[in-house]
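Below is protein.pdb, which holds PDB, C-alpha atoms.
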ATOM      1  CA  MET A 972      46.073  -5.333  29.333
ATOM      2  CA  ALA A 973      46.789  -7.203  26.120
ATOM      3  CA  PHE A 974      46.257  -5.370  22.852
ATOM      4  CA  ASN A 975      43.729  -7.917  21.587
ATOM      5  CA  GLU A 976      41.570  -7.280  24.658
ATOM      6  CA  LEU A 977      41.274  -3.637  23.595
ATOM      7  CA  LEU A 978      40.284  -4.680  20.069
ATOM      8  CA  LEU A 979      37.651  -7.231  21.119
ATOM      9  CA  ALA A 980      35.107  -4.609  22.197
ATOM     10  CA  GLU A 981      35.476  -2.816  18.859
ATOM     11  CA  LEU A 982      35.144  -6.070  16.921
ATOM     12  CA  ASP A 983      32.031  -7.046  18.865
ATOM     13  CA  GLU A 984      30.377  -3.689  18.157
ATOM     14  CA  GLU A 985      31.195  -3.761  14.451
ATOM     15  CA  MET A 986      29.996  -7.351  14.128
ATOM     16  CA  LYS A 987      26.715  -6.472  15.868
ATOM     17  CA  LYS A 988      26.122  -3.499  13.546
ATOM     18  CA  THR A 989      27.017  -5.520  10.470
ATOM     19  CA  ARG A 990      24.723  -8.373  11.479
ATOM     20  CA  THR A 991      21.814  -5.948  11.902
ATOM     21  CA  THR A 992      22.476  -4.506   8.447
ATOM     22  CA  LEU A 993      22.582  -7.964   6.874
ATOM     23  CA  GLU A 994      19.311  -8.886   8.599
ATOM     24  CA  ARG A 995      17.608  -6.074   6.663
ATOM     25  CA  VAL A 996      18.827  -6.981   3.174
ATOM     26  CA  PRO A 997      15.765  -7.660   1.005
ATOM     27  CA  THR A 998      15.671 -10.890  -0.969
ATOM     28  CA  ASP A 999      13.798  -9.407  -3.923
ATOM     29  CA  LYS A1000      16.431  -6.818  -4.930
ATOM     30  CA  MET A1001      19.439  -8.951  -5.862
ATOM     31  CA  ASP A1002      20.036  -7.101  -9.136
ATOM     32  CA  PHE A1003      19.717  -3.638  -7.580
ATOM     33  CA  ALA A1004      22.766  -1.388  -7.955
ATOM     34  CA  PRO A1005      22.679   2.397  -7.575
ATOM     35  CA  HIS A1006      25.061   2.888 -10.499
ATOM     36  CA  ALA A1007      26.335   0.857 -13.447
ATOM     37  CA  LYS A1008      29.768   0.621 -11.782
ATOM     38  CA  SER A1009      28.308  -0.470  -8.436
ATOM     39  CA  MET A1010      28.228  -4.049  -7.258
ATOM     40  CA  PRO A1011      24.670  -5.453  -7.287
ATOM     41  CA  MET A1012      23.133  -6.138  -3.895
ATOM     42  CA  GLY A1013      23.177  -9.879  -4.627
ATOM     43  CA  LYS A1014      26.996  -9.744  -4.689
ATOM     44  CA  LEU A1015      27.613  -6.997  -2.132
ATOM     45  CA  ALA A1016      25.610  -8.569   0.701
ATOM     46  CA  PRO A1017      27.368 -11.968   0.448
ATOM     47  CA  HIS A1018      30.723 -10.172   0.227
ATOM     48  CA  VAL A1019      29.964  -8.421   3.523
ATOM     49  CA  ALA A1020      28.851 -11.724   5.039
ATOM     50  CA  GLN A1021      32.165 -13.348   4.047
ATOM     51  CA  LEU A1022      34.556 -10.579   5.078
ATOM     52  CA  ALA A1023      35.073 -11.931   8.595
ATOM     53  CA  GLY A1024      36.824 -14.865   6.932
ATOM     54  CA  PHE A1025      39.376 -12.448   5.536
ATOM     55  CA  GLY A1026      39.962 -11.090   9.051
ATOM     56  CA  LEU A1027      40.649 -14.665  10.133
ATOM     57  CA  THR A1028      43.190 -15.058   7.320
ATOM     58  CA  ILE A1029      44.988 -11.879   8.358
ATOM     59  CA  LEU A1030      45.187 -12.985  11.983
ATOM     60  CA  THR A1031      46.287 -16.556  11.310
ATOM     61  CA  THR A1032      48.594 -16.442   8.277
ATOM     62  CA  PRO A1033      51.678 -14.419   7.294
ATOM     63  CA  GLU A1034      50.397 -13.686   3.785
ATOM     64  CA  PHE A1035      47.694 -14.328   1.230
ATOM     65  CA  ASP A1036      48.012 -14.536  -2.551
ATOM     66  CA  PHE A1037      44.633 -14.371  -4.298
ATOM     67  CA  SER A1038      45.970 -16.374  -7.251
ATOM     68  CA  LYS A1039      47.045 -19.339  -5.106
ATOM     69  CA  THR A1040      43.940 -19.771  -2.993
ATOM     70  CA  SER A1041      40.420 -19.367  -4.177
ATOM     71  CA  THR A1042      37.696 -18.656  -1.704
ATOM     72  CA  PRO A1043      34.385 -19.704  -3.190
ATOM     73  CA  ARG A1044      31.928 -16.836  -3.328
ATOM     74  CA  LEU A1045      28.975 -17.185  -1.048
ATOM     75  CA  PRO A1046      25.787 -17.286  -3.108
ATOM     76  CA  PHE A1047      22.808 -15.250  -1.970
ATOM     77  CA  GLU A1048      20.184 -17.820  -1.064
ATOM     78  CA  SER A1049      18.387 -15.975   1.731
ATOM     79  CA  THR A1050      18.915 -13.286   4.312
ATOM     80  CA  ALA A1051      19.023 -15.951   7.033
ATOM     81  CA  GLN A1052      21.751 -17.816   5.121
ATOM     82  CA  LEU A1053      23.863 -14.635   4.888
ATOM     83  CA  VAL A1054      23.458 -13.985   8.607
ATOM     84  CA  ARG A1055      24.431 -17.585   9.443
ATOM     85  CA  ALA A1056      27.557 -17.353   7.282
ATOM     86  CA  PHE A1057      28.418 -14.005   8.853
ATOM     87  CA  ASP A1058      27.918 -15.316  12.400
ATOM     88  CA  GLU A1059      30.199 -18.293  11.705
ATOM     89  CA  GLY A1060      32.928 -16.053  10.316
ATOM     90  CA  ALA A1061      32.541 -13.511  13.121
ATOM     91  CA  ALA A1062      32.921 -16.233  15.763
ATOM     92  CA  LYS A1063      36.093 -17.523  14.078
ATOM     93  CA  VAL A1064      37.703 -14.099  13.722
ATOM     94  CA  ARG A1065      36.801 -13.305  17.345
ATOM     95  CA  ALA A1066      38.481 -16.505  18.541
ATOM     96  CA  ALA A1067      41.551 -15.739  16.421
ATOM     97  CA  LEU A1068      41.670 -12.191  17.784
ATOM     98  CA  GLN A1069      41.536 -13.512  21.346
ATOM     99  CA  ALA A1070      44.470 -15.805  20.563
ATOM    100  CA  THR A1071      46.623 -13.159  18.848
ATOM    101  CA  PRO A1072      49.590 -12.225  21.068
ATOM    102  CA  ASP A1073      50.804  -8.642  21.270
ATOM    103  CA  GLU A1074      54.009  -9.329  19.326
ATOM    104  CA  ALA A1075      52.046 -10.651  16.327
ATOM    105  CA  TRP A1076      50.570  -7.208  15.610
ATOM    106  CA  LYS A1077      53.983  -5.864  14.555
ATOM    107  CA  GLU A1078      54.756  -8.758  12.200
ATOM    108  CA  THR A1079      54.636  -8.142   8.454
ATOM    109  CA  TRP A1080      51.538  -9.356   6.671
ATOM    110  CA  LYS A1081      51.367  -9.440   2.882
ATOM    111  CA  LEU A1082      48.536  -9.517   0.369
ATOM    112  CA  SER A1083      49.393 -10.260  -3.253
ATOM    113  CA  PHE A1084      48.113 -11.482  -6.581
ATOM    114  CA  GLN A1085      50.350 -13.643  -8.761
ATOM    115  CA  GLY A1086      53.317 -12.591  -6.668
ATOM    116  CA  LYS A1087      52.620  -8.853  -7.115
ATOM    117  CA  THR A1088      52.259  -7.100  -3.774
ATOM    118  CA  ILE A1089      48.962  -5.356  -3.109
ATOM    119  CA  PHE A1090      49.701  -4.676   0.558
ATOM    120  CA  ALA A1091      52.695  -5.291   2.807
ATOM    121  CA  GLY A1092      52.805  -3.871   6.284
ATOM    122  CA  GLN A1093      52.217  -4.580   9.924
ATOM    123  CA  ARG A1094      49.497  -7.124  10.689
ATOM    124  CA  PHE A1095      47.733  -4.407  12.704
ATOM    125  CA  LEU A1096      47.364  -2.244   9.583
ATOM    126  CA  ALA A1097      46.199  -5.224   7.543
ATOM    127  CA  TYR A1098      43.631  -6.094  10.215
ATOM    128  CA  ARG A1099      42.334  -2.517  10.429
ATOM    129  CA  GLN A1100      42.541  -1.481   6.764
ATOM    130  CA  MET A1101      42.052  -4.682   4.801
ATOM    131  CA  PHE A1102      39.504  -6.245   7.152
ATOM    132  CA  LEU A1103      37.743  -3.956   9.617
ATOM    133  CA  ASN A1104      37.682  -0.704   7.606
ATOM    134  CA  HIS A1105      36.838  -2.722   4.480
ATOM    135  CA  LEU A1106      33.888  -4.291   6.327
ATOM    136  CA  VAL A1107      32.648  -0.910   7.573
ATOM    137  CA  HIS A1108      32.962   0.553   4.062
ATOM    138  CA  HIS A1109      30.847  -2.165   2.460
ATOM    139  CA  ARG A1110      28.350  -2.129   5.339
ATOM    140  CA  ALA A1111      27.860   1.576   4.661
ATOM    141  CA  GLN A1112      27.285   0.808   0.986
ATOM    142  CA  LEU A1113      24.609  -1.685   2.006
ATOM    143  CA  GLY A1114      23.043   1.054   4.125
ATOM    144  CA  VAL A1115      22.743   3.233   1.021
ATOM    145  CA  TYR A1116      21.232   0.325  -0.908
ATOM    146  CA  LEU A1117      18.695  -0.168   1.911
ATOM    147  CA  ARG A1118      17.787   3.537   1.891
ATOM    148  CA  LEU A1119      17.369   3.613  -1.887
ATOM    149  CA  ASN A1120      15.001   0.641  -1.604
ATOM    150  CA  ASP A1121      12.922   2.177   1.203
ATOM    151  CA  LYS A1122      14.188  -0.310   3.793
ATOM    152  CA  ALA A1123      14.980   0.769   7.355
ATOM    153  CA  VAL A1124      18.640   1.655   7.793
ATOM    154  CA  PRO A1125      20.011   0.479  11.149
ATOM    155  CA  ALA A1126      21.832   2.787  13.523
ATOM    156  CA  THR A1127      25.592   2.498  13.410
ATOM    157  CA  TYR A1128      27.427   5.336  15.178
ATOM    158  CA  GLY A1129      24.298   6.992  16.542
ATOM    159  CA  PRO A1130      20.647   6.820  15.554
ATOM    160  CA  SER A1131      19.620   6.596  11.924
ATOM    161  CA  ALA A1132      16.706   8.477  10.395
ATOM    162  CA  ASP A1133      14.682   5.283  10.911
ATOM    163  CA  ASP A1134      15.259   5.168  14.681
ATOM    164  CA  LYS A1135      12.683   6.774  16.906
ATOM    165  CA  MET A1136      14.848   7.487  19.937
ATOM    166  CA  GLY A1137      13.533  10.917  20.862
ATOM    167  CA  PHE A1138      16.559  12.917  19.694
TER     168      PHE A1138
END

So that I can check it, write out the structure of this file as structure tokens.
Amino acid sequence: MAFNELLLAELDEEMKKTRTTLERVPTDKMDFAPHAKSMPMGKLAPHVAQLAGFGLTILTTPEFDFSKTSTPRLPFESTAQLVRAFDEGAAKVRAALQATPDEAWKETWKLSFQGKTIFAGQRFLAYRQMFLNHLVHHRAQLGVYLRLNDKAVPATYGPSADDKMGF
């Protein structure tokens, strides 16, 4: 079995959980942040919606320098708009993952800014750390934002306090 086949099930699960979280982001709390150093919800939710695009970059390029390519930030127009953007990115990263041959996972992938290395390591580590773990981290932050705004928090790795599953 090819390595990407093993990773597809994980990607599909994480995309499903992230989509559900994005579906619950309220549109009337864009300025909400739990702390002065925290990103406001109006920036965090679009960031989560766009992260699949970064996964695509990792799978399809040998490197990325933030100073040479600017990715326009997704504005927060509506919850539906965030979900649409997320779905588009998730479909693209899934297709790229399906097309990634086993040998590509061992290749070096580099992230930099103005030529200064932020990350250099195997593409597998970049995919897991810079994309998938990064996505899960920010999805969890959104879960906290939902809880602090009395919105239902979706289940991720088991039921949440908002699920009534009889446990």

What is the CA of Pro1011 in chain A-CA of Arg990 in chain A distance in Å, reported with one decimal?
->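 CA of Arg990 in chain A lies at a distance of 19.0 Å from CA of Pro1011 in chain A.
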
Using all atoms listed in the file, the shortest atom-to-atom distance to Glu984 in chain A among A:Leu1119, A:Ala1056, A:Ala1061, A:Ala1016 belongs to A:Ala1061

Carefully work through the PyMOL selection byres ((chain A and resi 1113) around 9) for this structure and note down the residues it includes, as a list in words.
-> Thr992, Leu993, Val996, Met1012, Leu1015, Ala1016, Val1019, His1108, His1109, Arg1110, Ala1111, Gln1112, Gly1114, Val1115, Tyr1116, Leu1117, Arg1118 and Val1124 of chain A

Explicit residue set for the PyMOL selection byres ((chain A and resi 1033-1046) around 12), as JSON, numbers by chain | {"A": [1001, 1012, 1013, 1014, 1015, 1016, 1017, 1018, 1019, 1020, 1021, 1022, 1024, 1025, 1026, 1027, 1028, 1029, 1030, 1031, 1032, 1047, 1048, 1049, 1050, 1052, 1053, 1054, 1055, 1056, 1057, 1075, 1076, 1077, 1078, 1079, 1080, 1081, 1082, 1083, 1084, 1085, 1086, 1087, 1088, 1089, 1090, 1091, 1092, 1093, 1094, 1097, 1098, 1101]}

Out of A:Lys1000, A:Arg1099, A:Arg995, A:Lys1063, which residue has the shortest atom-to-atom distance to Leu978 in chain A when counting only C-alpha atoms?
->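 Smallest separation from Leu978 in chain A among the options: A:Arg1099.
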
What are the centre and the three edge lengths of an axis-aligned box that wraps all atoms of range 1076-1095 of chain A in the file, given that 5 Å is added to every side, written as lines of an AutoDock Vina configuration file and rounded to one decimal in Å?
center_x = 51.2
center_y = -8.8
center_z = 3.4
size_x = 17.0
size_y = 19.8
size_z = 34.4

Enter the distance from CA of Thr989 in chain A to CA of Leu1103 in chain A, in Å, rounded to one decimal.
->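 So the two atoms, CA of Thr989 in chain A and CA of Leu1103 in chain A, lie 10.9 Å apart.
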
Quote the spacing between CA of Glu994 in chain A and CA of His1105 in chain A in Å to one decimal place.
->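 CA of His1105 in chain A lies at a distance of 19.0 Å from CA of Glu994 in chain A.
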
May I ask which of the residues A:Ala1066, A:Ala1004, A:Met986, A:Ala1123 is the closest one to Phe1102 in chain A, counting only C-alpha atoms?
-> A:Met986

What lies within 10 Å of Phe974 in chain A using all atoms listed in the file, ignoring chain neighbours under 3 positions off, as number ranges by chain?
-> A: 977-979, 1068-1069, 1071-1074, 1076

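Candidate residues A:Pro997, A:His1006, A:Ala1070, A:Val1107 were compared for distance to Tyr1128 in chain A, and the nearest is A:Val1107, using all atoms listed in the file.
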